[in-house]
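A short write-up of the structure that comes next.
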Amino acid sequence: MSWFKITFSPEDINAGRARSIVQDFGDVYVASGGPRDAALFKRNDSMYIYYFSPGAARVAMQLIAGCSGVPCSAPVQSEVKLMAGDDRLEGISFADL
């Protein structure tokens, strides 16, 4: 499984869809037993781009597909902020600088 990202429009942000995706993923994360390799991140320099780790994609593919998520390269860890998931980030591989 690869990384996935969702890019929200300014209208999506104004409508609260980004907040909703964080809450919805949190619900899926808890329901799936809280896998340590499942996490949702937001790009630091953008309020519009959210990343799902491969473990997150495994448990939340229906959510990702419903928001038109697309496969992507792994982000650099210092360029993203954890929004939901296990903060130990075990088993999550990020891109190198």
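The way I read the labels, and the way they are meant: chains A, B, ... in the order of the structure tokens, residue 1 as the first residue of every chain, and ligand 1 as the first ligand shown, with later ones counted on from there.
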
Discussion item. Could you pull out the helix (DSSP H, G or I) residues of chain A, going by DSSP on the backbone, and write them as a PyMOL selection string?
Written reply: chain A and resi 10-14+17-31+54-66+77-79

List as a Markdown table every residue of stretch 58-92 of chain A that is in contact with stretch 13-25 of chain A, defined as an atom at most 8 Å from one of its atoms (using only C-alpha atoms), together with the nearest atom pair and the distance in Å rounded to one decimal, sorted by chain and then rising number.
| residue | atom | partner | partner_atom | distance |
| --- | --- | --- | --- | --- |
| A:Ala60 | CA | A:Phe25 | CA | 6.9 |
| A:Leu63 | CA | A:Phe25 | CA | 7.5 |
| A:Met83 | CA | A:Val22 | CA | 6.7 |
| A:Ala84 | CA | A:Val22 | CA | 6.5 |

Discussion item. With DSSP run on the backbone, what are the strand (DSSP E) residues within chain A? I'd like them as a ChimeraX atom specification.
Written reply: /A:3-7,39-43,49-52,70-72,80-85

Restricted to C-alpha atoms, what would the selected residues look like written as a JSON list (two decimals), in the first residue's frame?
[["chain", "number", "residue", "atom", "x", "y", "z"],
["A", 3, "TRP", "CA", 0.81, 6.95, 0.66],
["A", 4, "PHE", "CA", -2.30, 8.87, -0.38],
["A", 5, "LYS", "CA", -3.14, 12.55, -0.29],
["A", 6, "ILE", "CA", -6.25, 14.65, -0.42],
["A", 7, "THR", "CA", -6.07, 18.22, -1.63],
["A", 39, "ALA", "CA", -1.65, 8.26, 10.73],
["A", 40, "LEU", "CA", -3.09, 11.33, 9.04],
["A", 41, "PHE", "CA", -0.85, 14.33, 8.43],
["A", 42, "LYS", "CA", -1.28, 17.89, 7.17],
["A", 43, "ARG", "CA", 1.38, 19.64, 5.13],
["A", 49, "ILE", "CA", -3.02, 19.09, 1.65],
["A", 50, "TYR", "CA", -3.52, 16.03, 3.88],
["A", 51, "TYR", "CA", -1.51, 12.80, 3.73],
["A", 52, "PHE", "CA", -2.50, 9.28, 4.76],
["A", 70, "VAL", "CA", -4.77, 9.96, -4.91],
["A", 71, "PRO", "CA", -1.61, 7.89, -4.45],
["A", 72, "CYS", "CA", 1.47, 10.02, -3.82],
["A", 80, "VAL", "CA", 4.07, 17.55, 7.88],
["A", 81, "LYS", "CA", 2.17, 17.72, 11.15],
["A", 82, "LEU", "CA", 0.38, 14.76, 12.72],
["A", 83, "MET", "CA", -3.38, 15.36, 12.77],
["A", 84, "ALA", "CA", -4.63, 11.93, 13.93],
["A", 85, "GLY", "CA", -3.10, 8.55, 14.73]]

Worksheet item: Just how far from atom CA of A:Ser78 is atom CA of A:Asp12, in Å to one decimal?
Response: 25.2 Å
